[in-house]
$ cat final39.cif   # mmCIF, C-alpha atoms (C1' of nucleotides)
data_model
#
loop_
_atom_site.label_atom_id
_atom_site.label_comp_id
_atom_site.auth_asym_id
_atom_site.auth_seq_id
_atom_site.Cartn_x
_atom_site.Cartn_y
_atom_site.Cartn_z
CA MET A 1 58.61 13.47 -23.06
CA PRO A 2 54.92 14.37 -23.21
CA TRP A 3 53.84 15.81 -26.51
CA ASP A 4 50.50 17.62 -26.75
CA LYS A 5 47.72 16.27 -28.93
CA GLN A 6 47.33 18.13 -32.17
CA PHE A 7 43.57 18.21 -31.86
CA ASP A 8 41.09 19.71 -29.43
CA ILE A 9 38.91 17.05 -27.80
CA ASP A 10 35.90 19.35 -27.51
CA VAL A 11 36.12 20.46 -31.13
CA ALA A 12 36.42 16.83 -32.21
CA LEU A 13 33.40 15.85 -30.12
CA ASP A 14 31.36 18.67 -31.64
CA LYS A 15 32.22 17.37 -35.10
CA ALA A 16 31.25 13.88 -34.05
CA LYS A 17 28.01 15.26 -32.65
CA GLU A 18 27.07 16.75 -36.03
CA VAL A 19 27.68 13.48 -37.86
CA PHE A 20 25.70 11.41 -35.35
CA TRP A 21 22.94 14.04 -35.30
CA THR A 22 22.67 13.93 -39.11
CA HIS A 23 23.04 10.22 -39.81
CA GLY A 24 22.27 8.46 -36.55
CA TYR A 25 24.56 6.07 -34.72
CA GLU A 26 24.50 2.83 -36.73
CA ALA A 27 24.63 4.51 -40.13
CA THR A 28 27.70 6.51 -39.10
CA SER A 29 30.85 4.55 -39.91
CA MET A 30 34.24 4.99 -38.22
CA GLU A 31 35.52 6.38 -41.53
CA MET A 32 32.87 9.11 -41.45
CA LEU A 33 33.61 9.89 -37.82
CA LEU A 34 37.38 10.09 -38.22
CA ARG A 35 37.04 12.29 -41.29
CA ALA A 36 34.62 14.65 -39.54
CA MET A 37 36.66 14.78 -36.35
CA GLY A 38 39.89 15.30 -38.30
CA ILE A 39 41.82 12.66 -36.37
CA ASN A 40 42.94 9.11 -37.09
CA ARG A 41 42.10 5.86 -35.43
CA GLY A 42 45.22 5.83 -33.28
CA SER A 43 44.33 9.13 -31.69
CA PHE A 44 40.66 8.18 -31.57
CA TYR A 45 41.19 5.00 -29.53
CA ASP A 46 43.87 6.63 -27.46
CA THR A 47 41.46 9.39 -26.42
CA PHE A 48 38.07 7.70 -26.47
CA LYS A 49 37.08 4.21 -25.39
CA SER A 50 34.94 3.34 -28.38
CA LYS A 51 32.52 4.60 -30.98
CA ARG A 52 29.73 4.28 -28.42
CA ASP A 53 31.77 6.34 -25.92
CA VAL A 54 31.95 9.15 -28.46
CA LEU A 55 28.19 8.92 -29.04
CA ILE A 56 27.51 9.18 -25.31
CA ARG A 57 29.85 12.15 -24.89
CA SER A 58 28.49 13.93 -27.98
CA LEU A 59 24.94 13.40 -26.80
CA ARG A 60 25.81 14.89 -23.42
CA ARG A 61 27.41 17.87 -25.12
CA TYR A 62 24.35 18.24 -27.34
CA ASP A 63 22.01 18.19 -24.39
CA THR A 64 23.94 20.87 -22.58
CA ASP A 65 25.20 23.09 -25.39
CA ASN A 66 22.38 22.73 -27.88
CA ARG A 67 19.09 21.62 -26.32
CA ALA A 68 19.29 23.17 -22.84
CA SER A 69 20.97 26.34 -24.08
CA ALA A 70 18.61 26.77 -27.01
CA ILE A 71 15.37 26.74 -25.04
CA ARG A 72 16.82 29.13 -22.47
CA ALA A 73 18.27 31.48 -25.06
CA ALA A 74 14.97 31.52 -26.95
CA ALA A 75 13.02 32.33 -23.81
CA ALA A 76 15.38 35.03 -22.56
CA GLY A 77 14.08 38.56 -22.53
CA TYR A 78 10.40 37.66 -22.88
CA PRO A 79 7.61 37.63 -20.31
CA PRO A 80 6.78 34.01 -19.38
CA ARG A 81 3.84 33.45 -21.70
CA GLU A 82 5.60 34.91 -24.73
CA ALA A 83 8.72 32.99 -23.75
CA ILE A 84 6.90 29.73 -24.24
CA THR A 85 5.81 30.64 -27.74
CA ALA A 86 9.24 32.04 -28.48
CA VAL A 87 10.82 28.67 -27.72
CA PHE A 88 8.59 26.96 -30.27
CA ARG A 89 9.09 29.69 -32.82
CA SER A 90 12.85 29.56 -32.41
CA MET A 91 12.83 25.88 -33.36
CA ILE A 92 11.23 26.74 -36.67
CA ASP A 93 13.52 29.71 -37.25
CA GLY A 94 16.52 27.64 -36.22
CA SER A 95 15.69 25.13 -38.94
CA ARG A 96 16.72 27.76 -41.46
CA GLY A 97 20.27 27.77 -40.11
CA PRO A 98 23.34 25.92 -41.40
CA LEU A 99 22.32 22.72 -39.66
CA GLY A 100 18.98 22.90 -41.40
CA ARG A 101 16.24 20.51 -40.52
CA LEU A 102 18.17 18.01 -38.41
CA GLY A 103 15.50 17.92 -35.77
CA CYS A 104 16.70 17.08 -32.26
CA PHE A 105 19.66 14.76 -31.69
CA LEU A 106 18.17 13.76 -28.34
CA VAL A 107 14.81 12.81 -29.83
CA ASN A 108 16.52 10.98 -32.68
CA SER A 109 18.54 8.99 -30.14
CA ALA A 110 15.44 8.36 -28.03
CA LEU A 111 14.04 6.31 -30.88
CA GLU A 112 17.18 4.77 -32.42
CA VAL A 113 19.59 3.97 -29.60
CA ALA A 114 17.88 4.51 -26.23
CA PRO A 115 15.67 1.40 -26.41
CA GLN A 116 18.81 -0.75 -26.50
CA ASP A 117 21.16 1.38 -24.41
CA GLU A 118 20.33 2.22 -20.82
CA GLU A 119 22.90 5.02 -20.55
CA VAL A 120 21.51 6.76 -23.63
CA SER A 121 18.00 6.17 -22.30
CA LEU A 122 18.93 7.96 -19.08
CA ILE A 123 20.36 10.97 -20.93
CA VAL A 124 17.16 11.18 -22.98
CA ARG A 125 14.83 10.95 -19.97
CA GLU A 126 16.79 13.56 -18.05
CA GLY A 127 16.82 15.89 -21.03
CA LEU A 128 13.08 15.58 -21.59
CA ARG A 129 12.44 16.07 -17.88
CA ASP A 130 14.46 19.28 -17.98
CA VAL A 131 12.33 20.56 -20.87
CA GLU A 132 9.19 19.65 -18.94
CA ARG A 133 10.36 21.48 -15.79
CA PHE A 134 11.51 24.46 -17.81
CA PHE A 135 8.04 24.86 -19.31
CA ALA A 136 6.31 24.21 -15.97
CA ASP A 137 8.43 26.95 -14.38
CA LEU A 138 7.46 29.38 -17.16
CA VAL A 139 3.78 28.54 -16.66
CA ARG A 140 4.05 29.24 -12.92
CA ALA A 141 5.84 32.50 -13.59
CA GLY A 142 3.12 33.41 -16.09
CA GLN A 143 0.46 32.69 -13.50
CA GLU A 144 2.24 34.84 -10.96
CA GLN A 145 2.24 37.70 -13.44
CA GLY A 146 -1.41 37.19 -14.33
CA GLN A 147 -0.58 36.17 -17.90
CA ILE A 148 -1.69 32.57 -17.64
CA PRO A 149 -4.99 31.43 -16.02
CA GLN A 150 -4.80 29.93 -12.55
CA HIS A 151 -6.86 26.87 -13.54
CA ILE A 152 -4.00 25.57 -15.64
CA ASP A 153 -1.96 22.91 -13.85
CA PRO A 154 1.71 23.84 -14.39
CA THR A 155 2.91 20.26 -14.19
CA ASP A 156 0.38 18.97 -16.71
CA MET A 157 1.06 21.88 -18.99
CA GLY A 158 4.84 21.44 -18.71
CA ARG A 159 4.48 17.84 -19.84
CA THR A 160 2.17 18.74 -22.70
CA LEU A 161 4.40 21.50 -24.00
CA MET A 162 7.39 19.16 -23.81
CA SER A 163 5.46 16.54 -25.78
CA GLN A 164 4.39 19.13 -28.31
CA LEU A 165 8.00 20.31 -28.71
CA VAL A 166 9.15 16.73 -29.26
CA GLY A 167 6.45 16.31 -31.91
CA LEU A 168 7.55 19.51 -33.57
CA MET A 169 11.15 18.28 -33.71
CA VAL A 170 10.00 15.13 -35.50
CA LEU A 171 8.02 17.22 -37.99
CA LEU A 172 11.07 19.40 -38.59
CA ARG A 173 13.28 16.43 -39.42
CA SER A 174 10.45 15.03 -41.57
CA GLN A 175 10.46 18.16 -43.73
CA ALA A 176 6.84 18.91 -42.81
CA PRO A 177 5.37 21.91 -44.66
CA LYS A 178 6.00 25.31 -43.11
CA ALA A 179 2.26 25.82 -42.66
CA THR A 180 2.03 22.70 -40.53
CA LEU A 181 4.79 23.94 -38.28
CA GLU A 182 3.14 27.36 -37.97
CA SER A 183 -0.17 25.75 -37.01
CA VAL A 184 1.48 23.85 -34.20
CA VAL A 185 3.07 27.02 -32.85
CA SER A 186 -0.15 29.02 -33.08
CA GLN A 187 -2.02 26.36 -31.13
CA VAL A 188 0.53 26.57 -28.34
CA SER A 189 -0.79 30.04 -27.55
CA ARG A 190 -4.33 28.72 -27.41
CA LEU A 191 -3.25 26.04 -24.97
CA LEU A 192 -2.29 28.76 -22.52
CA THR A 193 -5.74 30.29 -22.18
CA MET B 1 7.09 -27.58 -62.73
CA PRO B 2 6.12 -24.72 -60.40
CA TRP B 3 6.38 -25.57 -56.77
CA ASP B 4 4.72 -23.28 -54.18
CA LYS B 5 6.77 -21.39 -51.66
CA GLN B 6 6.69 -22.90 -48.18
CA PHE B 7 6.15 -19.54 -46.57
CA ASP B 8 3.52 -16.83 -46.67
CA ILE B 9 4.91 -13.51 -47.95
CA ASP B 10 2.55 -11.42 -45.83
CA VAL B 11 3.31 -13.36 -42.66
CA ALA B 12 7.02 -13.01 -43.36
CA LEU B 13 6.66 -9.28 -43.95
CA ASP B 14 4.77 -8.88 -40.67
CA LYS B 15 7.61 -10.64 -38.86
CA ALA B 16 10.11 -8.39 -40.59
CA LYS B 17 8.00 -5.38 -39.58
CA GLU B 18 8.24 -6.29 -35.91
CA VAL B 19 12.01 -6.63 -36.03
CA PHE B 20 12.51 -3.33 -37.86
CA TRP B 21 9.99 -1.64 -35.54
CA THR B 22 11.87 -2.88 -32.46
CA HIS B 23 15.49 -2.43 -33.54
CA GLY B 24 15.42 0.04 -36.41
CA TYR B 25 16.80 -0.57 -39.89
CA GLU B 26 20.60 -0.40 -39.56
CA ALA B 27 20.74 -2.31 -36.27
CA THR B 28 18.72 -5.17 -37.76
CA SER B 29 21.06 -7.68 -39.42
CA MET B 30 20.10 -10.10 -42.20
CA GLU B 31 20.56 -12.91 -39.66
CA MET B 32 17.94 -11.36 -37.39
CA LEU B 33 15.58 -10.80 -40.29
CA LEU B 34 15.86 -14.32 -41.70
CA ARG B 35 15.37 -15.86 -38.26
CA ALA B 36 12.30 -13.70 -37.56
CA MET B 37 10.82 -14.28 -41.00
CA GLY B 38 11.54 -18.01 -40.82
CA ILE B 39 13.06 -18.17 -44.30
CA ASN B 40 16.57 -18.42 -45.67
CA ARG B 41 18.57 -16.12 -47.84
CA GLY B 42 17.81 -17.99 -51.04
CA SER B 43 14.09 -17.50 -50.57
CA PHE B 44 14.61 -14.00 -49.26
CA TYR B 45 16.44 -12.75 -52.35
CA ASP B 46 14.22 -14.73 -54.65
CA THR B 47 11.13 -13.02 -53.22
CA PHE B 48 12.41 -9.58 -52.20
CA LYS B 49 14.88 -7.32 -53.95
CA SER B 50 16.93 -6.39 -50.91
CA LYS B 51 16.89 -5.64 -47.21
CA ARG B 52 15.74 -2.11 -48.03
CA ASP B 53 12.91 -3.51 -50.16
CA VAL B 54 11.66 -5.46 -47.17
CA LEU B 55 11.87 -2.33 -45.00
CA ILE B 56 9.81 -0.34 -47.50
CA ARG B 57 7.19 -3.07 -47.77
CA SER B 58 6.99 -3.60 -44.00
CA LEU B 59 6.65 0.13 -43.46
CA ARG B 60 3.79 0.28 -45.97
CA ARG B 61 2.11 -2.63 -44.22
CA TYR B 62 2.61 -0.94 -40.87
CA ASP B 63 1.11 2.30 -42.11
CA THR B 64 -1.97 0.54 -43.43
CA ASP B 65 -2.50 -2.28 -40.95
CA ASN B 66 -1.19 -0.67 -37.79
CA ARG B 67 -1.20 3.11 -37.89
CA ALA B 68 -4.17 3.87 -40.11
CA SER B 69 -6.26 1.02 -38.70
CA ALA B 70 -5.40 1.83 -35.09
CA ILE B 71 -6.55 5.43 -35.13
CA ARG B 72 -9.77 4.51 -36.92
CA ALA B 73 -10.49 1.55 -34.64
CA ALA B 74 -9.86 3.68 -31.56
CA ALA B 75 -12.21 6.41 -32.80
CA ALA B 76 -14.99 4.05 -33.87
CA GLY B 77 -18.20 4.21 -31.89
CA TYR B 78 -17.51 7.56 -30.22
CA PRO B 79 -18.89 11.01 -30.93
CA PRO B 80 -16.21 13.11 -32.68
CA ARG B 81 -14.83 14.93 -29.67
CA GLU B 82 -14.58 11.80 -27.57
CA ALA B 83 -13.11 9.98 -30.56
CA ILE B 84 -10.14 12.32 -30.57
CA THR B 85 -9.37 11.66 -26.94
CA ALA B 86 -9.99 7.96 -27.46
CA VAL B 87 -7.30 7.83 -30.11
CA PHE B 88 -4.75 9.27 -27.69
CA ARG B 89 -5.90 7.05 -24.85
CA SER B 90 -5.69 3.96 -27.01
CA MET B 91 -2.01 4.65 -27.68
CA ILE B 92 -1.31 4.53 -23.96
CA ASP B 93 -3.49 1.45 -23.46
CA GLY B 94 -1.93 -0.19 -26.50
CA SER B 95 1.47 0.18 -24.91
CA ARG B 96 0.46 -2.44 -22.38
CA GLY B 97 0.09 -5.02 -25.14
CA PRO B 98 2.54 -7.70 -26.30
CA LEU B 99 4.40 -5.22 -28.47
CA GLY B 100 4.87 -3.03 -25.42
CA ARG B 101 6.34 0.40 -25.77
CA LEU B 102 7.67 0.22 -29.31
CA GLY B 103 6.30 3.63 -30.15
CA CYS B 104 5.45 4.19 -33.80
CA PHE B 105 7.42 2.47 -36.56
CA LEU B 106 6.59 5.35 -38.89
CA VAL B 107 7.89 7.99 -36.50
CA ASN B 108 10.99 5.89 -35.77
CA SER B 109 11.66 5.67 -39.49
CA ALA B 110 10.99 9.39 -39.94
CA LEU B 111 14.03 10.08 -37.82
CA GLU B 112 16.33 7.16 -38.70
CA VAL B 113 15.87 6.38 -42.37
CA ALA B 114 13.68 9.02 -44.00
CA PRO B 115 16.33 11.78 -44.02
CA GLN B 116 18.49 9.61 -46.28
CA ASP B 117 15.79 7.75 -48.22
CA GLU B 118 13.29 9.67 -50.33
CA GLU B 119 10.88 6.75 -50.67
CA VAL B 120 10.72 6.25 -46.90
CA SER B 121 10.36 10.01 -46.51
CA LEU B 122 7.33 9.94 -48.82
CA ILE B 123 5.67 7.12 -46.86
CA VAL B 124 6.23 9.07 -43.64
CA ARG B 125 4.85 12.34 -44.98
CA GLU B 126 1.78 10.64 -46.42
CA GLY B 127 1.15 8.79 -43.18
CA LEU B 128 1.43 11.93 -41.09
CA ARG B 129 -0.80 13.81 -43.51
CA ASP B 130 -3.43 11.09 -43.16
CA VAL B 131 -3.34 11.47 -39.37
CA GLU B 132 -3.67 15.23 -39.75
CA ARG B 133 -6.69 14.92 -42.07
CA PHE B 134 -8.26 12.28 -39.86
CA PHE B 135 -8.15 14.62 -36.89
CA ALA B 136 -9.28 17.62 -38.94
CA ASP B 137 -12.29 15.61 -40.12
CA LEU B 138 -13.15 14.69 -36.54
CA VAL B 139 -12.92 18.34 -35.52
CA ARG B 140 -15.29 19.36 -38.32
CA ALA B 141 -17.71 16.60 -37.39
CA GLY B 142 -17.50 17.76 -33.76
CA GLN B 143 -18.30 21.31 -34.81
CA GLU B 144 -21.26 20.13 -36.84
CA GLN B 145 -22.59 18.34 -33.77
CA GLY B 146 -21.98 21.30 -31.51
CA GLN B 147 -19.32 19.50 -29.49
CA ILE B 148 -16.36 21.59 -30.57
CA PRO B 149 -16.40 25.42 -30.70
CA GLN B 150 -16.73 27.05 -34.12
CA HIS B 151 -13.74 29.33 -33.53
CA ILE B 152 -11.36 26.38 -33.76
CA ASP B 153 -9.76 26.06 -37.18
CA PRO B 154 -10.03 22.37 -38.13
CA THR B 155 -6.90 22.39 -40.28
CA ASP B 156 -4.75 24.00 -37.59
CA MET B 157 -6.19 21.69 -34.98
CA GLY B 158 -5.66 18.62 -37.15
CA ARG B 159 -2.00 19.52 -37.51
CA THR B 160 -1.58 20.18 -33.81
CA LEU B 161 -3.23 16.95 -32.77
CA MET B 162 -1.06 15.06 -35.25
CA SER B 163 2.04 16.71 -33.81
CA GLN B 164 0.89 15.92 -30.29
CA LEU B 165 0.32 12.29 -31.22
CA VAL B 166 3.79 12.08 -32.74
CA GLY B 167 5.22 13.53 -29.52
CA LEU B 168 3.29 11.01 -27.49
CA MET B 169 4.69 8.14 -29.57
CA VAL B 170 8.21 9.35 -28.85
CA LEU B 171 7.45 9.52 -25.12
CA LEU B 172 6.02 5.99 -25.24
CA ARG B 173 9.18 4.57 -26.80
CA SER B 174 11.24 6.62 -24.31
CA GLN B 175 9.53 4.87 -21.38
CA ALA B 176 8.17 8.20 -20.09
CA PRO B 177 6.32 7.91 -16.76
CA LYS B 178 2.63 7.03 -16.95
CA ALA B 179 1.70 10.34 -15.32
CA THR B 180 3.42 12.25 -18.11
CA LEU B 181 1.45 10.34 -20.73
CA GLU B 182 -1.81 10.95 -18.85
CA SER B 183 -1.09 14.69 -18.67
CA VAL B 184 -0.64 14.85 -22.40
CA VAL B 185 -3.95 13.10 -22.99
CA SER B 186 -5.83 15.25 -20.51
CA GLN B 187 -4.55 18.40 -22.19
CA VAL B 188 -5.89 17.20 -25.51
CA SER B 189 -9.39 17.69 -24.16
CA ARG B 190 -8.55 21.22 -23.11
CA LEU B 191 -7.28 21.95 -26.59
CA LEU B 192 -10.77 21.31 -27.91
CA THR B 193 -12.49 24.05 -25.92
"C1'" DT C 1 73.92 12.72 -29.46
"C1'" DC C 2 71.12 9.42 -27.16
"C1'" DT C 3 67.08 7.93 -24.67
"C1'" DT C 4 62.39 7.99 -23.64
"C1'" DG C 5 57.66 8.86 -24.30
"C1'" DT C 6 53.86 10.47 -27.08
"C1'" DC C 7 52.12 11.78 -31.42
"C1'" DT C 8 50.24 10.74 -36.28
"C1'" DG C 9 49.27 7.90 -40.34
"C1'" DG C 10 47.59 3.92 -41.57
"C1'" DA C 11 48.09 -1.27 -42.03
"C1'" DA C 12 46.27 -5.39 -40.06
"C1'" DC C 13 42.99 -8.07 -37.70
"C1'" DG C 14 38.88 -10.68 -36.63
"C1'" DT C 15 34.21 -10.21 -37.25
"C1'" DT C 16 30.10 -8.87 -39.43
"C1'" DT C 17 27.74 -7.29 -43.31
"C1'" DA C 18 24.37 -7.83 -47.46
"C1'" DT C 19 24.15 -10.31 -51.46
"C1'" DT C 20 25.34 -14.07 -54.86
"C1'" DC C 21 25.77 -18.68 -55.90
"C1'" DC C 22 25.36 -23.72 -55.47
"C1'" DA C 23 23.90 -28.56 -54.36
"C1'" DG C 24 20.38 -31.55 -53.30
"C1'" DA C 25 15.30 -32.28 -52.60
"C1'" DC C 26 10.98 -32.25 -54.52
"C1'" DA C 27 6.95 -32.28 -57.68
"C1'" DA C 28 4.64 -32.35 -62.07
"C1'" DA C 29 4.56 -33.44 -66.94
"C1'" DG C 30 5.93 -36.36 -70.72
"C1'" DC D 1 11.68 -43.49 -65.36
"C1'" DT D 2 13.41 -39.09 -67.08
"C1'" DT D 3 13.34 -34.27 -67.62
"C1'" DT D 4 12.52 -29.75 -66.14
"C1'" DG D 5 11.78 -26.11 -63.04
"C1'" DT D 6 11.40 -24.34 -58.39
"C1'" DC D 7 12.17 -24.90 -53.62
"C1'" DT D 8 15.23 -24.93 -49.28
"C1'" DG D 9 19.56 -24.93 -46.71
"C1'" DG D 10 23.50 -22.83 -46.43
"C1'" DA D 11 28.32 -21.97 -48.29
"C1'" DA D 12 30.89 -18.45 -50.51
"C1'" DT D 13 31.89 -13.84 -51.82
"C1'" DA D 14 33.49 -9.20 -51.55
"C1'" DA D 15 33.18 -5.44 -48.87
"C1'" DA D 16 32.67 -3.01 -44.74
"C1'" DC D 17 32.83 -2.93 -39.93
"C1'" DG D 18 35.06 -1.41 -35.19
"C1'" DT D 19 39.17 -2.04 -32.89
"C1'" DT D 20 44.18 -3.30 -32.26
"C1'" DC D 21 48.73 -2.81 -33.50
"C1'" DC D 22 52.88 -0.87 -35.68
"C1'" DA D 23 56.46 2.21 -37.82
"C1'" DG D 24 58.29 6.55 -38.20
"C1'" DA D 25 58.25 11.50 -36.65
"C1'" DC D 26 58.87 14.54 -33.09
"C1'" DA D 27 60.17 16.85 -28.70
"C1'" DA D 28 62.22 17.22 -24.20
"C1'" DG D 29 65.56 15.82 -20.82
"C1'" DA D 30 70.00 13.80 -19.69
#
$ encode --input "final39.cif" --output "structure tokens"
Amino acid sequence: MPWDKQFDIDVALDKAKEVFWTHGYEATSMEMLLRAMGINRGSFYDTFKSKRDVLIRSLRRYDTDNRASAIRAAAAGYPPREAITAVFRSMIDGSRGPLGRLGCFLVNSALEVAPQDEEVSLIVREGLRDVERFFADLVRAGQEQGQIPQHIDPTDMGRTLMSQLVGLMVLLRSQAPKATLESVVSQVSRLLT
Amino acid sequence: MPWDKQFDIDVALDKAKEVFWTHGYEATSMEMLLRAMGINRGSFYDTFKSKRDVLIRSLRRYDTDNRASAIRAAAAGYPPREAITAVFRSMIDGSRGPLGRLGCFLVNSALEVAPQDEEVSLIVREGLRDVERFFADLVRAGQEQGQIPQHIDPTDMGRTLMSQLVGLMVLLRSQAPKATLESVVSQVSRLLT
DNA sequence: TCTTGTCTGGAACGTTTATTCCAGACAAAG
DNA sequence: CTTTGTCTGGAATAAACGTTCCAGACAAGA
């Protein structure tokens, strides 16, 4: 007779996400994963296909629940131009939280795993494209409201802001000095003139 | 009686550098390293302390011979303002070379190894600081020659350009579309007005 | 109470890992 | 020719790796 699993798959995946985000894929052993997820290898292989399967699913969860949510939450409630700066600022403020300076799991994976894994590469490209579009949309909205000059090309600017955000995430994980991070954010405002 | 080694340490380290740069540290096995370096494990452990030792030494070589040289070579022969753009453009052009879109070994290591290895972290921070200063110096030189407005703070701008370059290196390794890369470069010019 | 099916805990497996150790080749000095 | 020291090729080692398999516990239905 069917007996329910004693663990929640989503909770387990979130735990896995944190371990992969902190240590990377290769440097995370099955022991570390099982301990973090709070399940044993029988349940693990009964529920998930493989270690890589868990990486893929955690990365997807990260992209939806962390990256995509974070930039939208940070921008909410601000006029477009301020929203852009708020996104950058929130990344610095967020680095003071319990997860500290982990940087961006997506960007980490872009460099470590994506070059050798097409599925991971696709998740990364789609995530970065979403960031790019998100910023481009904010630039257009800012132009409509007269906050951002018309000569700025929204598509170009969306790409540049995405690239700048990616750079900032690397600096965060690299423990760059606070002043460096603040400089980057302050220059974002200048870019929008 | 002393017999000379049959291999050149620097050549071997450069081979090791390419393997670590392509695959990362953890995903590079000793087998891969030995094959690339063209030596066997007896010679390896006689010459180097460990796999990590070789990573550290390759990373130092990369920072000197690749990163630091590349930005200076790209800037050479241009007035300061054009030199800045030339550095960015050279990264895109360089991605068409035999090493293709490997990105930046330093940035890769910043995300994969540096968080868990203080010595790697130090190499990364010093490398990024050198890029920052390099750009700041170019900005000052541009201001002295009347090419870059006086209201731009060289230190802030140096940091921002460094961050933008780091972002670009991530996009390169992520196989971002050419148009995206071009947008980033074109916006660099705008940043200097 | 018995049967059936699913769960957990963890042993076992086959492979891979980084590092240590060893045998034979080689060269120079005595 | 012998001795000594260093080299290369690669076997061996001990541990770790990701995945498979197994025994006992548990719950529901007959």
$ closest_atom_pairs --input "final39.cif" --of "chain D" --to "chain A" --cutoff "10 Å" --atoms "all atoms listed in the file" --output "CSV"
residue,atom,partner,partner_atom,distance
D:DA16,C1',A:Ser29,CA,9.2
D:DC17,C1',A:Ser29,CA,7.7
D:DG18,C1',A:Met30,CA,7.1
D:DT19,C1',A:Tyr45,CA,8.1
D:DT20,C1',A:Tyr45,CA,9.2
D:DC21,C1',A:Gly42,CA,9.3
D:DC26,C1',A:Trp3,CA,8.4
D:DA27,C1',A:Met1,CA,6.8
D:DA28,C1',A:Met1,CA,5.3
D:DG29,C1',A:Met1,CA,7.7
$ resolve_selection --input "final39.cif" --expression "the PyMOL selection byres ((chain B and resi 167-175) around 10)" --output "ChimeraX atom specification"
/A:107-112,114-115,121-122,124-125,128,160-171 /B:22,88,91-92,95,100-108,161-166,176-178,180-181,184-185
$ atom_distance --input "final39.cif" --atom1 "CA of Pro80 (chain A)" --atom2 "CA of Leu138 (chain A)"
5.2 Å
$ interface_residues --input "final39.cif" --of "chain C" --to "chain A" --cutoff "9 Å" --atoms "only C-alpha atoms (C1' of nucleotides)" --output "ChimeraX atom specification"
/C:4-10
$ resolve_selection --input "final39.cif" --expression "the PyMOL selection byres ((chain A and resi 58) around 7)" --output "PDB file with C-alpha atoms, in the coordinates of the input"
ATOM      1  CA  LEU A  13      33.400  15.850 -30.120  1.00  0.00           C
ATOM      2  CA  ASP A  14      31.360  18.670 -31.640  1.00  0.00           C
ATOM      3  CA  ALA A  16      31.250  13.880 -34.050  1.00  0.00           C
ATOM      4  CA  LYS A  17      28.010  15.260 -32.650  1.00  0.00           C
ATOM      5  CA  VAL A  54      31.950   9.150 -28.460  1.00  0.00           C
ATOM      6  CA  LEU A  55      28.190   8.920 -29.040  1.00  0.00           C
ATOM      7  CA  ILE A  56      27.510   9.180 -25.310  1.00  0.00           C
ATOM      8  CA  ARG A  57      29.850  12.150 -24.890  1.00  0.00           C
ATOM      9  CA  LEU A  59      24.940  13.400 -26.800  1.00  0.00           C
ATOM     10  CA  ARG A  60      25.810  14.890 -23.420  1.00  0.00           C
ATOM     11  CA  ARG A  61      27.410  17.870 -25.120  1.00  0.00           C
ATOM     12  CA  TYR A  62      24.350  18.240 -27.340  1.00  0.00           C
TER      13      TYR A  62
END
$ resolve_selection --input "final39.cif" --expression "the PyMOL selection byres ((chain B and resi 143-150) around 12)" --output "list in words"
Pro79, Pro80, Arg81, Glu82, Ala83, Ile84, Ala136, Asp137, Leu138, Val139, Arg140, Ala141, Gly142, His151, Ile152, Asp153, Pro154, Met157, Ser189, Arg190, Leu191, Leu192 and Thr193 of chain B
$ closest_residue --input "final39.cif" --among "B:Phe48, B:Ala70, B:Asp130, B:Gln116" --to "chain A" --atoms "only C-alpha atoms"
B:Gln116
$ atom_distance --input "final39.cif" --atom1 "CA of Asp46 (chain A)" --atom2 "CA of Thr28 (chain A)"
19.9 Å
$ closest_atom_pairs --input "final39.cif" --of "chain C" --to "region 1-7 of chain D" --cutoff "9 Å" --atoms "all atoms listed in the file" --output "tab-separated table"
residue	atom	partner	partner_atom	distance
C:DA25	C1'	D:DC7	C1'	8.1
C:DC26	C1'	D:DC7	C1'	7.5
C:DA29	C1'	D:DT4	C1'	8.8
C:DG30	C1'	D:DT3	C1'	8.3
$ atom_distance --input "final39.cif" --atom1 "CA of Gly94 (chain B)" --atom2 "CA of Gly24 (chain B)"
20.0 Å
$ closest_residue --input "final39.cif" --among "B:Ala36, B:Arg89, B:Asp156, B:Arg67" --to "Ala179 (chain A)" --atoms "only C-alpha atoms"
B:Asp156
$ closest_residue --input "final39.cif" --among "A:Arg159, A:Ile9, A:Thr64, A:Val188" --to "Phe135 (chain A)" --atoms "only C-alpha atoms"
A:Arg159
$ decode --input "final39.cif" --residues "region 10-22 of chain C" --atoms "C-alpha atoms (C1' of nucleotides)" --output "JSON list (two decimals), in the first residue's frame"
[["chain", "number", "residue", "atom", "x", "y", "z"],
["C", 10, "DG", "C1'", 22.96, 2.18, 4.84],
["C", 11, "DA", "C1'", 26.03, -1.54, 2.81],
["C", 12, "DA", "C1'", 28.05, -2.79, -1.49],
["C", 13, "DC", "C1'", 29.70, -2.00, -5.98],
["C", 14, "DG", "C1'", 32.56, -0.53, -9.78],
["C", 15, "DT", "C1'", 34.99, 3.35, -11.00],
["C", 16, "DT", "C1'", 37.66, 7.34, -10.38],
["C", 17, "DT", "C1'", 40.41, 10.14, -7.61],
["C", 18, "DA", "C1'", 45.07, 12.35, -6.10],
["C", 19, "DT", "C1'", 49.20, 10.90, -4.37],
["C", 20, "DT", "C1'", 53.00, 7.56, -3.15],
["C", 21, "DC", "C1'", 56.14, 4.25, -4.46],
["C", 22, "DC", "C1'", 59.00, 1.32, -7.47]]
